[in-house]
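Q: File input_29.tsv below, TSV, C-alpha atoms:
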```tsv
chain	number	residue	atom	x	y	z
O	21	MET	CA	0.00	0.00	0.00
O	22	ASP	CA	1.52	3.33	-1.06
O	23	ALA	CA	1.22	6.70	0.72
O	24	VAL	CA	-1.75	7.90	-1.32
O	25	GLN	CA	-3.72	4.72	-0.66
O	26	GLY	CA	-2.87	4.90	3.02
O	27	THR	CA	-4.07	8.52	3.23
O	28	LEU	CA	-7.37	7.68	1.55
O	29	LEU	CA	-7.82	4.73	3.90
O	30	VAL	CA	-7.25	6.95	6.95
O	31	ILE	CA	-9.73	9.57	5.70
O	32	ALA	CA	-12.36	6.92	5.01
O	33	ALA	CA	-11.81	5.39	8.45
O	34	ILE	CA	-12.21	8.78	10.17
O	35	PHE	CA	-15.51	9.47	8.39
O	36	LEU	CA	-16.90	6.01	9.09
O	37	ILE	CA	-15.90	6.14	12.74
O	38	GLY	CA	-17.47	9.61	13.02
O	39	ILE	CA	-20.75	8.26	11.60
O	40	ALA	CA	-20.63	5.22	13.88
O	41	GLY	CA	-19.89	7.49	16.83
O	42	GLU	CA	-23.00	9.57	16.17
O	43	LEU	CA	-25.13	6.43	15.93
O	44	VAL	CA	-23.66	5.16	19.18
O	45	PHE	CA	-24.36	8.54	20.80
O	46	GLU	CA	-28.04	8.29	19.90
O	47	ARG	CA	-28.27	4.88	21.59
O	48	THR	CA	-25.93	5.24	24.56
O	49	GLY	CA	-25.32	8.96	25.13
O	50	ILE	CA	-21.55	8.46	24.76
O	51	PRO	CA	-20.26	11.39	22.66
O	52	ASP	CA	-18.58	10.50	19.38
O	53	VAL	CA	-15.52	12.55	20.33
O	54	VAL	CA	-14.24	9.66	22.44
O	55	TRP	CA	-13.84	7.33	19.47
O	56	LEU	CA	-12.33	10.00	17.22
O	57	ILE	CA	-9.72	10.96	19.82
O	58	ALA	CA	-8.89	7.26	20.25
O	59	VAL	CA	-8.36	6.94	16.48
O	60	GLY	CA	-6.10	9.99	16.55
O	61	ALA	CA	-4.07	8.57	19.43
O	62	PHE	CA	-3.64	5.34	17.47
O	63	LEU	CA	-2.52	7.16	14.33
O	64	GLY	CA	-0.27	9.56	16.23
O	65	PRO	CA	1.60	8.65	19.43
O	66	ILE	CA	0.87	4.88	19.27
O	67	THR	CA	1.84	4.00	15.68
O	68	GLY	CA	3.53	7.19	14.46
O	69	LEU	CA	1.59	7.15	11.18
O	70	MET	CA	0.83	10.85	11.66
O	71	PRO	CA	4.08	12.59	12.81
O	72	ARG	CA	3.37	15.04	15.61
O	73	GLU	CA	5.87	17.66	14.39
O	74	GLN	CA	4.12	17.95	11.03
O	75	LEU	CA	0.69	18.11	12.67
O	76	LEU	CA	1.79	20.97	14.93
O	77	ARG	CA	2.61	23.00	11.82
O	78	VAL	CA	-0.81	22.54	10.23
O	79	ALA	CA	-2.89	22.65	13.44
O	80	PRO	CA	-3.32	26.47	13.56
O	81	HIS	CA	-4.49	26.57	9.92
O	82	PHE	CA	-6.91	23.69	10.35
O	83	GLY	CA	-8.08	25.15	13.66
O	84	ALA	CA	-9.06	28.43	11.96
O	85	ILE	CA	-11.04	26.65	9.23
O	86	THR	CA	-12.79	24.45	11.79
O	87	LEU	CA	-13.63	27.48	13.94
O	88	VAL	CA	-15.27	29.27	10.99
O	89	ILE	CA	-17.41	26.31	9.96
O	90	VAL	CA	-18.47	25.02	13.39
O	91	LEU	CA	-19.17	28.45	14.93
O	92	PHE	CA	-21.31	29.47	11.97
O	93	HIS	CA	-23.20	26.19	12.15
O	94	GLY	CA	-23.79	26.58	15.89
O	95	GLY	CA	-24.79	30.22	15.63
O	96	LEU	CA	-27.47	29.49	13.01
O	97	SER	CA	-29.49	27.55	15.59
O	98	LEU	CA	-29.43	30.27	18.28
O	99	ARG	CA	-32.83	31.95	18.62
O	100	LEU	CA	-33.19	35.59	19.68
O	101	ASN	CA	-35.64	35.06	22.54
O	102	ASP	CA	-33.49	32.42	24.20
O	103	LEU	CA	-30.33	34.33	23.36
O	104	GLY	CA	-31.43	37.46	25.20
O	105	ARG	CA	-32.25	35.50	28.33
O	106	ALA	CA	-29.02	33.50	28.26
O	107	ALA	CA	-26.51	36.28	27.50
O	108	PRO	CA	-26.17	37.87	30.99
O	109	ARG	CA	-25.73	34.52	32.75
O	110	ALA	CA	-23.40	33.32	29.99
O	111	MET	CA	-21.21	36.38	30.46
O	112	LEU	CA	-21.18	35.84	34.24
O	113	LEU	CA	-20.35	32.16	33.86
O	114	SER	CA	-17.61	33.00	31.35
O	115	CYS	CA	-15.96	35.52	33.65
O	116	LEU	CA	-16.19	33.23	36.70
O	117	THR	CA	-14.87	30.21	34.81
O	118	PHE	CA	-12.00	32.22	33.37
O	119	THR	CA	-11.03	33.85	36.67
O	120	PHE	CA	-11.28	30.68	38.75
O	121	SER	CA	-9.31	28.69	36.16
O	122	MET	CA	-6.41	31.14	36.20
O	123	ALA	CA	-6.55	31.27	39.99
O	124	VAL	CA	-6.10	27.50	40.33
O	125	ILE	CA	-3.78	26.70	37.39
O	126	ALA	CA	-1.12	29.33	38.23
O	127	PRO	CA	-0.35	28.07	41.79
O	128	LEU	CA	-0.54	24.43	40.66
O	129	SER	CA	2.04	25.17	37.97
O	130	MET	CA	4.33	26.80	40.54
O	131	ALA	CA	4.03	23.70	42.71
O	132	ALA	CA	4.94	21.61	39.66
O	133	ARG	CA	7.99	23.78	39.11
O	134	ALA	CA	9.05	23.26	42.72
O	135	MET	CA	8.77	19.48	42.13
O	136	GLY	CA	10.92	19.70	39.00
O	137	VAL	CA	8.13	18.91	36.52
O	138	LEU	CA	8.25	22.38	34.95
O	139	PRO	CA	11.52	24.16	34.09
O	140	GLU	CA	13.44	26.31	36.57
O	141	GLY	CA	12.72	29.51	34.68
O	142	TRP	CA	8.99	29.10	35.24
O	143	THR	CA	7.49	32.17	36.96
O	144	TRP	CA	4.09	33.33	38.19
O	145	LEU	CA	3.63	35.13	34.87
O	146	HIS	CA	4.19	31.81	33.10
O	147	GLY	CA	1.60	30.27	35.41
O	148	LEU	CA	-0.94	32.98	34.66
O	149	LEU	CA	-0.27	32.54	30.94
O	150	LEU	CA	-0.92	28.79	31.21
O	151	GLY	CA	-4.05	29.53	33.23
O	152	SER	CA	-5.37	31.88	30.55
O	153	ILE	CA	-4.69	29.29	27.84
O	154	LEU	CA	-6.65	26.62	29.74
O	155	ALA	CA	-9.41	28.89	31.06
O	156	GLY	CA	-11.94	28.62	28.25
O	157	THR	CA	-14.38	25.91	27.24
O	158	SER	CA	-14.19	24.87	23.60
O	159	ALA	CA	-16.92	26.06	21.23
O	160	LEU	CA	-15.80	23.42	18.75
O	161	VAL	CA	-16.63	20.69	21.27
O	162	ILE	CA	-19.67	22.22	22.97
O	163	MET	CA	-21.71	23.45	20.00
O	164	PRO	CA	-21.98	20.16	18.07
O	165	MET	CA	-22.90	18.26	21.25
O	166	VAL	CA	-25.56	20.82	22.24
O	167	GLU	CA	-27.08	20.45	18.79
O	168	LYS	CA	-27.14	16.66	18.81
O	169	ALA	CA	-28.47	16.49	22.38
O	170	ARG	CA	-31.32	18.94	21.59
O	171	LEU	CA	-30.94	20.68	24.94
O	172	GLU	CA	-33.65	23.09	26.05
O	173	GLY	CA	-33.06	26.57	24.62
O	174	SER	CA	-31.87	28.46	27.70
O	175	VAL	CA	-29.44	25.70	28.66
O	176	GLY	CA	-28.05	25.17	25.17
O	177	ASN	CA	-27.62	28.89	24.52
O	178	LEU	CA	-25.92	29.38	27.89
O	179	LEU	CA	-23.33	26.74	27.00
O	180	ASN	CA	-22.86	28.00	23.44
O	181	LEU	CA	-22.39	31.62	24.50
O	182	GLU	CA	-20.07	30.71	27.37
O	183	SER	CA	-17.77	28.83	25.02
O	184	ALA	CA	-17.72	31.76	22.57
O	185	PHE	CA	-17.09	34.36	25.30
O	186	THR	CA	-14.31	32.40	27.03
O	187	ASP	CA	-12.54	31.85	23.71
O	188	ILE	CA	-12.31	35.63	23.39
O	189	LEU	CA	-11.07	36.09	26.96
O	190	CYS	CA	-8.42	33.41	26.43
O	191	VAL	CA	-7.11	34.93	23.20
O	192	VAL	CA	-6.94	38.48	24.58
O	193	PHE	CA	-5.38	37.69	27.96
O	194	ALA	CA	-2.97	35.08	26.62
O	195	GLY	CA	-1.82	37.56	23.98
O	196	ALA	CA	-1.30	40.28	26.61
O	197	LEU	CA	0.70	37.96	28.90
O	198	ILE	CA	2.85	36.76	26.01
O	199	GLN	CA	3.66	40.39	25.23
O	200	ILE	CA	4.52	41.06	28.89
O	201	LEU	CA	6.82	38.03	29.06
O	202	LYS	CA	8.43	38.98	25.78
O	203	THR	CA	9.06	42.65	26.57
O	204	GLY	CA	9.13	42.62	30.36
O	205	THR	CA	6.63	45.45	30.64
O	206	ALA	CA	3.11	45.16	32.04
O	207	ASP	CA	0.34	47.50	30.94
O	208	VAL	CA	-3.01	46.58	32.53
O	209	THR	CA	-4.80	49.51	30.86
O	210	ALA	CA	-3.64	48.39	27.43
O	211	ALA	CA	-4.87	44.85	28.11
O	212	LEU	CA	-8.33	46.12	29.09
O	213	ILE	CA	-8.49	48.37	26.04
O	214	GLU	CA	-7.54	45.40	23.86
O	215	LEU	CA	-10.32	43.32	25.41
O	216	VAL	CA	-12.97	45.99	24.73
O	217	ARG	CA	-11.57	46.45	21.25
O	218	ALA	CA	-11.75	42.73	20.49
O	219	PHE	CA	-15.38	42.54	21.61
O	220	GLY	CA	-16.36	45.75	19.82
O	221	ILE	CA	-14.76	44.99	16.47
O	222	GLY	CA	-16.10	41.42	16.53
O	223	LEU	CA	-19.66	42.55	17.23
O	224	LEU	CA	-19.63	45.42	14.73
O	225	ALA	CA	-18.02	43.47	11.90
O	226	GLY	CA	-20.18	40.41	12.49
O	227	GLY	CA	-23.30	42.55	12.72
O	228	ALA	CA	-22.47	44.41	9.52
O	229	ALA	CA	-21.80	41.16	7.67
O	230	GLY	CA	-24.98	39.60	9.00
O	231	PHE	CA	-27.24	42.50	8.01
O	232	LEU	CA	-25.58	42.74	4.60
O	233	SER	CA	-26.37	39.07	4.11
O	234	LEU	CA	-30.10	39.79	4.52
O	235	TYR	CA	-29.94	41.63	1.19
O	236	VAL	CA	-27.55	39.22	-0.50
O	237	LEU	CA	-28.98	35.86	0.52
O	238	ARG	CA	-31.90	35.99	-1.91
O	239	LYS	CA	-29.40	36.06	-4.77
O	240	LEU	CA	-27.41	33.06	-3.48
O	241	VAL	CA	-29.05	30.35	-5.52
O	242	GLY	CA	-27.73	27.41	-7.49
O	243	SER	CA	-24.43	25.60	-7.23
O	244	TYR	CA	-22.42	28.66	-6.16
O	245	ALA	CA	-24.44	29.46	-3.04
O	246	TYR	CA	-22.40	27.46	-0.54
O	247	PRO	CA	-18.91	28.33	-1.88
O	248	THR	CA	-19.90	32.00	-1.80
O	249	THR	CA	-21.15	31.70	1.79
O	250	LEU	CA	-18.00	29.89	2.94
O	251	ALA	CA	-15.73	32.38	1.16
O	252	ALA	CA	-17.56	35.28	2.82
O	253	LEU	CA	-17.12	33.69	6.25
O	254	MET	CA	-13.39	33.19	5.73
O	255	LEU	CA	-13.04	36.75	4.43
O	256	LEU	CA	-14.86	38.02	7.53
O	257	TYR	CA	-12.52	35.99	9.75
O	258	VAL	CA	-9.40	37.45	8.11
O	259	ILE	CA	-10.64	41.05	8.16
O	260	VAL	CA	-11.59	40.91	11.83
O	261	GLU	CA	-8.28	39.25	12.77
O	262	VAL	CA	-6.30	41.92	10.89
O	263	LEU	CA	-8.28	44.68	12.64
O	264	GLY	CA	-7.50	43.11	16.02
O	265	GLY	CA	-11.02	41.97	16.81
O	266	SER	CA	-12.48	38.65	17.85
O	267	ALA	CA	-13.06	36.59	14.72
O	268	ALA	CA	-14.97	34.00	16.74
O	269	LEU	CA	-17.45	36.61	17.99
O	270	ALA	CA	-17.81	38.07	14.49
O	271	ILE	CA	-18.65	34.69	12.95
O	272	LEU	CA	-21.10	33.91	15.76
O	273	THR	CA	-22.81	37.31	15.46
O	274	ALA	CA	-23.23	36.98	11.70
O	275	ALA	CA	-24.60	33.45	12.13
O	276	VAL	CA	-27.18	34.58	14.70
O	277	ILE	CA	-28.45	37.30	12.35
O	278	VAL	CA	-28.65	34.87	9.42
O	279	GLY	CA	-30.35	32.25	11.58
O	280	ASN	CA	-32.96	34.79	12.70
O	281	ALA	CA	-33.33	36.44	9.28
O	282	PRO	CA	-37.14	36.85	9.33
O	283	ALA	CA	-37.09	38.77	12.62
O	284	PHE	CA	-34.18	41.01	11.62
O	285	ALA	CA	-35.63	41.60	8.15
O	286	GLN	CA	-38.77	43.07	9.71
O	287	THR	CA	-36.66	45.26	11.99
O	288	ILE	CA	-34.73	46.88	9.14
O	289	GLY	CA	-37.70	47.02	6.78
O	290	VAL	CA	-36.74	44.33	4.28
O	291	SER	CA	-39.96	43.27	2.59
O	292	ARG	CA	-39.09	39.61	2.17
O	293	ALA	CA	-37.11	37.51	4.63
O	294	SER	CA	-33.85	36.33	3.02
O	295	THR	CA	-32.60	33.05	4.44
O	296	LEU	CA	-30.14	30.34	3.61
O	297	GLY	CA	-31.78	27.74	1.43
O	298	SER	CA	-32.05	24.13	2.48
O	299	GLY	CA	-29.35	23.22	-0.04
O	300	VAL	CA	-26.80	25.51	1.59
O	301	THR	CA	-27.66	24.48	5.15
O	302	GLY	CA	-27.60	20.83	4.15
O	303	VAL	CA	-24.13	21.09	2.61
O	304	HIS	CA	-22.89	23.11	5.58
O	305	HIS	CA	-24.19	20.46	7.98
O	306	GLN	CA	-22.17	17.80	6.12
O	307	MET	CA	-19.10	20.03	6.05
O	308	THR	CA	-19.41	20.57	9.80
O	309	PHE	CA	-19.48	16.83	10.37
O	310	MET	CA	-16.32	16.31	8.29
O	311	VAL	CA	-14.19	19.06	9.85
O	312	LYS	CA	-15.39	18.10	13.33
O	313	SER	CA	-14.32	14.49	12.72
O	314	PHE	CA	-10.85	15.59	11.60
O	315	PHE	CA	-10.59	18.06	14.50
O	316	PHE	CA	-11.08	15.46	17.22
O	317	THR	CA	-8.81	13.00	15.42
O	318	LEU	CA	-6.16	15.73	15.34
O	319	ILE	CA	-6.56	16.26	19.09
O	320	GLY	CA	-5.76	12.58	19.69
O	321	ALA	CA	-2.87	12.58	17.23
O	322	LEU	CA	-1.24	15.56	18.97
O	323	LEU	CA	-1.04	13.75	22.28
O	324	GLY	CA	2.47	13.07	23.40
O	325	ALA	CA	4.23	14.21	26.55
O	326	PRO	CA	6.61	12.68	29.12
O	327	LEU	CA	4.84	10.87	31.96
O	328	PRO	CA	5.33	13.66	34.55
O	329	LEU	CA	3.80	16.23	32.19
O	330	ALA	CA	0.98	13.85	31.28
O	331	LEU	CA	0.18	13.36	34.97
O	332	LEU	CA	0.31	17.12	35.50
O	333	GLY	CA	-2.18	17.54	32.65
O	334	GLY	CA	-4.51	15.13	34.46
O	335	VAL	CA	-4.15	17.15	37.67
O	336	PHE	CA	-4.96	20.36	35.81
O	337	ALA	CA	-8.07	18.76	34.32
O	338	LEU	CA	-9.32	17.64	37.74
O	339	ALA	CA	-8.67	21.13	39.14
O	340	LEU	CA	-10.64	22.70	36.29
O	341	LEU	CA	-13.52	20.34	37.04
O	342	ALA	CA	-13.42	21.23	40.74
O	343	ILE	CA	-13.48	25.00	40.26
O	344	ARG	CA	-16.22	24.83	37.66
O	345	PHE	CA	-18.83	23.76	40.19
O	346	PRO	CA	-18.81	27.02	42.23
O	347	ALA	CA	-18.69	29.03	38.99
O	348	VAL	CA	-21.80	27.25	37.70
O	349	SER	CA	-23.59	27.50	41.05
O	350	LEU	CA	-23.02	31.26	41.29
O	351	SER	CA	-24.10	31.87	37.70
O	352	LEU	CA	-27.38	29.97	38.20
O	353	VAL	CA	-28.53	31.82	41.32
O	354	ARG	CA	-32.26	32.60	40.95
O	355	SER	CA	-32.33	31.04	37.50
O	356	GLY	CA	-35.04	28.49	38.29
O	357	HIS	CA	-32.87	25.63	37.03
O	358	GLY	CA	-32.66	22.51	39.17
O	359	PRO	CA	-29.67	20.38	40.22
O	360	GLU	CA	-29.84	18.39	36.98
O	361	VAL	CA	-29.03	21.45	34.87
O	362	ARG	CA	-26.35	22.46	37.35
O	363	GLY	CA	-24.79	19.01	37.04
O	364	LEU	CA	-24.84	19.13	33.25
O	365	LEU	CA	-23.24	22.58	33.15
O	366	TRP	CA	-20.64	21.43	35.68
O	367	VAL	CA	-19.28	18.68	33.42
O	368	CYS	CA	-19.31	20.85	30.27
O	369	LEU	CA	-15.66	21.84	30.69
O	370	PRO	CA	-13.89	20.54	27.54
O	371	ARG	CA	-10.86	22.41	26.33
O	372	GLY	CA	-9.96	22.13	22.65
O	373	MET	CA	-8.24	23.56	19.61
O	374	ALA	CA	-8.20	27.19	20.84
O	375	ALA	CA	-6.15	26.12	23.85
O	376	GLY	CA	-3.90	24.01	21.63
O	377	VAL	CA	-3.24	26.86	19.19
O	378	LEU	CA	-2.60	29.34	22.01
O	379	SER	CA	-0.15	26.90	23.62
O	380	MET	CA	2.11	27.18	20.55
O	381	MET	CA	2.25	30.98	20.57
O	382	PRO	CA	4.68	31.48	23.53
O	383	MET	CA	7.23	29.15	21.95
O	384	GLN	CA	6.84	30.91	18.58
O	385	ALA	CA	7.36	34.24	20.36
O	386	GLY	CA	10.70	32.98	21.71
O	387	ILE	CA	9.69	32.81	25.39
O	388	ALA	CA	12.05	30.46	27.21
O	389	GLY	CA	10.65	27.53	29.15
O	390	THR	CA	7.48	27.18	27.08
O	391	GLU	CA	8.61	24.46	24.65
O	392	MET	CA	6.66	21.77	26.51
O	393	LEU	CA	3.37	23.74	26.64
O	394	PRO	CA	1.71	22.15	23.55
O	395	GLY	CA	2.14	18.62	24.88
O	396	LEU	CA	0.92	19.59	28.35
O	397	VAL	CA	-2.08	21.52	27.04
O	398	PHE	CA	-3.21	18.79	24.64
O	399	VAL	CA	-3.08	16.20	27.42
O	400	THR	CA	-5.17	18.49	29.65
O	401	ALA	CA	-7.63	19.11	26.80
O	402	THR	CA	-8.00	15.39	26.13
O	403	VAL	CA	-8.67	14.58	29.79
O	404	THR	CA	-11.27	17.36	30.05
O	405	ILE	CA	-12.97	16.09	26.88
O	406	THR	CA	-13.02	12.57	28.32
O	407	MET	CA	-14.54	13.81	31.59
O	408	PHE	CA	-17.06	15.81	29.60
O	409	ALA	CA	-18.00	12.72	27.56
O	410	ALA	CA	-18.60	10.65	30.69
O	411	GLY	CA	-20.45	13.39	32.58
O	412	PHE	CA	-22.54	14.38	29.58
O	413	ARG	CA	-23.73	10.82	29.15
O	414	TYR	CA	-24.83	10.75	32.82
O	415	TRP	CA	-26.56	14.14	33.00
O	416	ARG	CA	-28.03	14.48	29.51
O	417	PRO	CA	-31.11	12.25	30.12
O	418	LYS	CA	-31.96	14.23	33.26
O	419	VAL	CA	-32.34	17.70	31.70
O	420	PRO	CA	-35.11	19.16	29.50
O	421	VAL	CA	-34.81	18.85	25.73
O	422	ALA	CA	-35.96	21.23	23.00
O	423	THR	CA	-39.43	20.73	21.57
O	424	ALA	CA	-37.93	20.96	18.06
O	425	PRO	CA	-34.55	19.86	16.74
O	426	ALA	CA	-31.81	22.34	17.45
O	427	THR	CA	-30.79	22.28	13.82
O	428	ALA	CA	-34.15	23.57	12.60
O	429	MET	CA	-33.46	26.65	10.49
O	430	PRO	CA	-35.53	28.77	8.15
O	431	ALA	CA	-35.92	27.12	4.77
```
The structure in this file should be written as structure tokens.
A:
Amino acid sequence: MDAVQGTLLVIAAIFLIGIAGELVFERTGIPDVVWLIAVGAFLGPITGLMPREQLLRVAPHFGAITLVIVLFHGGLSLRLNDLGRAAPRAMLLSCLTFTFSMAVIAPLSMAARAMGVLPEGWTWLHGLLLGSILAGTSALVIMPMVEKARLEGSVGNLLNLESAFTDILCVVFAGALIQILKTGTADVTAALIELVRAFGIGLLAGGAAGFLSLYVLRKLVGSYAYPTTLAALMLLYVIVEVLGGSAALAILTAAVIVGNAPAFAQTIGVSRASTLGSGVTGVHHQMTFMVKSFFFTLIGALLGAPLPLALLGGVFALALLAIRFPAVSLSLVRSGHGPEVRGLLWVCLPRGMAAGVLSMMPMQAGIAGTEMLPGLVFVTATVTITMFAAGFRYWRPKVPVATAPATAMPA
């Protein structure tokens, strides 16, 4: 078997395992991510068929494409009424999760340095940087699972928005700490301005793109509709990134407007609601499945760290699980949700590609003592995803489900 045949065989296996995983999820509640990560581990650290060094070079590029496709898909199913109710609590949960995560990871990393697991040059700033990298839940993990599980609107939107908000916090704070470690100067005011700027540019650019689409969508017919939509999303991502905004928030904002096109069309006086046709949404659903399958396989393939670092990653994952419970409890005060919803939100802690991509940035910036961060972060992400898979299977049957499929979109 030559290299081309082997590549085709691997791709076919990933797709088939992804399909089988979704079927198993429907019957058992075990998320398909478990099987895809296992396949990646087999192809990567176990057999070496997918060299880790090469994967690390392509991971940021693939991560960006996956983020565009999955966030847009998840945002299409968010409904305005539920969104308005969920946003304040989602913001609170995001801030609490982010703050508590940094507060527990930084001292744990310093303890690991004292034990010789982390390098001697490791400082509190390094610990805070690692905390900010690991502080956000993964939209690329959460959104597909919320859709498949058909969670009740307020619960699903709370999880979706939290994952989007924490991604932004992670990117902004990790970037600021990398700059501080690189230059040796700390500017808290500049970091706060950058955070507001990221939110503002993301919302404005995403909103502008979304409202423009209300006029353009009616012309997107035929075989070019989906390529045009996907090209526009990637263009939006690049523009927002260049301007220094949050590309994730921009994509999500545009998706929400497109997904609620009839309501927004009435607001701005468009006579006829312009929506994505069933052909476009159908193709996008299939594309989401494919990139999601490759994403989780990539997570497994990127595993690989010495035993002490692997054990430290497990400790970090358990600490993140522990601190999430008070964050969830505080954010649900007077919400009317019972212990079942609290339990489900508690286990929804997976870290993913955003953390993995951020873990490579300190090393690329030339910061000493950060060469082992990718391996440590990917181990932590994998353990959190595994805990999420087990907890989600336990709590999912106990919480309310949506009366209509979460994927229902205007035709």
Q: Per residue of stretch 143-257 of chain O within 12 Å of stretch 344-359 of chain O, note the shortest atom pair and the distance in Å to one decimal, counting only C-alpha atoms, and order the rows by chain and increasing residue number, as a tab-separated table.
A:
```
residue	atom	partner	partner_atom	distance
O:Ala155	CA	O:Arg344	CA	10.3
O:Gly156	CA	O:Arg344	CA	11.0
O:Thr157	CA	O:Arg344	CA	10.6
O:Glu172	CA	O:His357	CA	11.3
O:Ser174	CA	O:His357	CA	9.8
O:Val175	CA	O:His357	CA	9.0
O:Leu178	CA	O:Ser351	CA	10.3
O:Leu179	CA	O:Val348	CA	10.8
O:Glu182	CA	O:Val348	CA	11.0
```
Q: Would you please work out which residue, of O:Ala325, O:Leu138, O:Met383, O:Ala218, is nearest to O:Arg72 when using all atoms listed in the file?
A: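 Selected residue with least distance to O:Arg72: O:Ala325.
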Q: Please list as a VMD selection string every residue within 10 Å of stretch 253-260 of chain O, counting only C-alpha atoms and excluding residues in the same chain fewer than 5 positions away.
A: chain O and resid 84 to 85 87 to 89 92 218 221 to 226 229 247 to 248 265 to 271 274 to 275
Q: Find the residues near O:Val30: any atom within 12 Å, counting all atoms listed in the file, skip ones fewer than 3 places away on the same chain, and give them as a list in words.
A: Ala23, Val24, Gln25, Gly26, Thr27, Ala33, Ile34, Phe35, Leu36, Ile37, Leu56, Val59, Gly60, Phe62, Leu63, Gly64, Leu69, Met70, Ser313, Phe314 and Thr317 of chain O
Q: Calculated over all atoms listed in the file, which of the candidates O:Val54, O:Leu171, O:Ala374, O:Leu154 has the smallest distance to O:Thr117?
A: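 So, comparing all the options, the nearest one is O:Leu154.
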Q: Find, counting all atoms listed in the file, the residue in O:Ala32, O:Leu160, O:Ala169, O:Ala385 that gets nearest to O:Arg47.
A: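 Selected residue with least distance to O:Arg47: O:Ala169.
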Q: Which is closer to O:Cys368 than all the others in O:Thr209, O:Thr406, O:Gln74, O:Asn280, using all atoms listed in the file?
A: O:Thr406
Q: Can you pull out every residue within 8 Å of O:Leu181, counting all atoms listed in the file, but drop anything in the same chain fewer than 6 positions away, and send it as a list in words?
A: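 So, after excluding close chain neighbours, the residues are Ala106, Ala107, Ala110 and Met111 of chain O.
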Q: Produce the centre coordinates and the three edge lengths, each in Å to one decimal, of the box along x, y and z that contains all listed atoms of stretch 27-39 of chain O with 8 Å added on each side, as AutoDock Vina command-line options.
A:
```
--center_x -12.4 --center_y 7.2 --center_z 7.3 --size_x 32.7 --size_y 20.9 --size_z 27.5
```
Q: Calculate how many Å separate atom CA of O:Thr308 from atom CA of O:Cys115, rounding to one decimal.
A: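 Computing it gives 28.4 Å between the two atoms.
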Q: Using all atoms listed in the file, pick whichever of O:Ile188, O:Val377, O:Val303, O:Ala410 has the shortest atom-to-atom distance to O:Phe45.
A: O:Ala410
Q: Could you give me, as a PyMOL selection string, the residues within 10 Å of O:Ile162, counting only C-alpha atoms and dropping anything in the same chain fewer than 2 positions from it?
A: chain O and resi 94+157-160+164-167+176+179-184+368-372+405+408
Q: Considering all atoms listed in the file, state which residue in the set O:Leu43, O:Met135, O:Leu318, O:Leu100 is at the smallest distance from O:Ala79.
A: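 Among the listed residues, the smallest separation from O:Ala79 belongs to O:Leu318.
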Q: Would you work out the distance separating atom CA of O:Leu91 from atom CA of O:Leu149, expressed in Å to one decimal?
A: 25.1 Å
Q: Restrict the output to stretch 322-344 of chain O and C-alpha atoms, then write it as a PDB file, in the first residue's frame.
A:
```pdb
ATOM      1  CA  LEU O 322      -1.237  15.556  18.966  1.00  0.00           C
ATOM      2  CA  LEU O 323      -1.044  13.753  22.283  1.00  0.00           C
ATOM      3  CA  GLY O 324       2.474  13.066  23.397  1.00  0.00           C
ATOM      4  CA  ALA O 325       4.228  14.212  26.554  1.00  0.00           C
ATOM      5  CA  PRO O 326       6.606  12.684  29.121  1.00  0.00           C
ATOM      6  CA  LEU O 327       4.840  10.868  31.960  1.00  0.00           C
ATOM      7  CA  PRO O 328       5.333  13.657  34.551  1.00  0.00           C
ATOM      8  CA  LEU O 329       3.802  16.225  32.193  1.00  0.00           C
ATOM      9  CA  ALA O 330       0.983  13.849  31.278  1.00  0.00           C
ATOM     10  CA  LEU O 331       0.178  13.356  34.967  1.00  0.00           C
ATOM     11  CA  LEU O 332       0.312  17.124  35.496  1.00  0.00           C
ATOM     12  CA  GLY O 333      -2.180  17.536  32.653  1.00  0.00           C
ATOM     13  CA  GLY O 334      -4.512  15.134  34.457  1.00  0.00           C
ATOM     14  CA  VAL O 335      -4.152  17.153  37.674  1.00  0.00           C
ATOM     15  CA  PHE O 336      -4.959  20.363  35.809  1.00  0.00           C
ATOM     16  CA  ALA O 337      -8.074  18.759  34.316  1.00  0.00           C
ATOM     17  CA  LEU O 338      -9.317  17.639  37.738  1.00  0.00           C
ATOM     18  CA  ALA O 339      -8.665  21.128  39.139  1.00  0.00           C
ATOM     19  CA  LEU O 340     -10.639  22.699  36.285  1.00  0.00           C
ATOM     20  CA  LEU O 341     -13.523  20.339  37.039  1.00  0.00           C
ATOM     21  CA  ALA O 342     -13.420  21.230  40.740  1.00  0.00           C
ATOM     22  CA  ILE O 343     -13.482  25.003  40.261  1.00  0.00           C
ATOM     23  CA  ARG O 344     -16.219  24.834  37.658  1.00  0.00           C
TER      24      ARG O 344
END
```
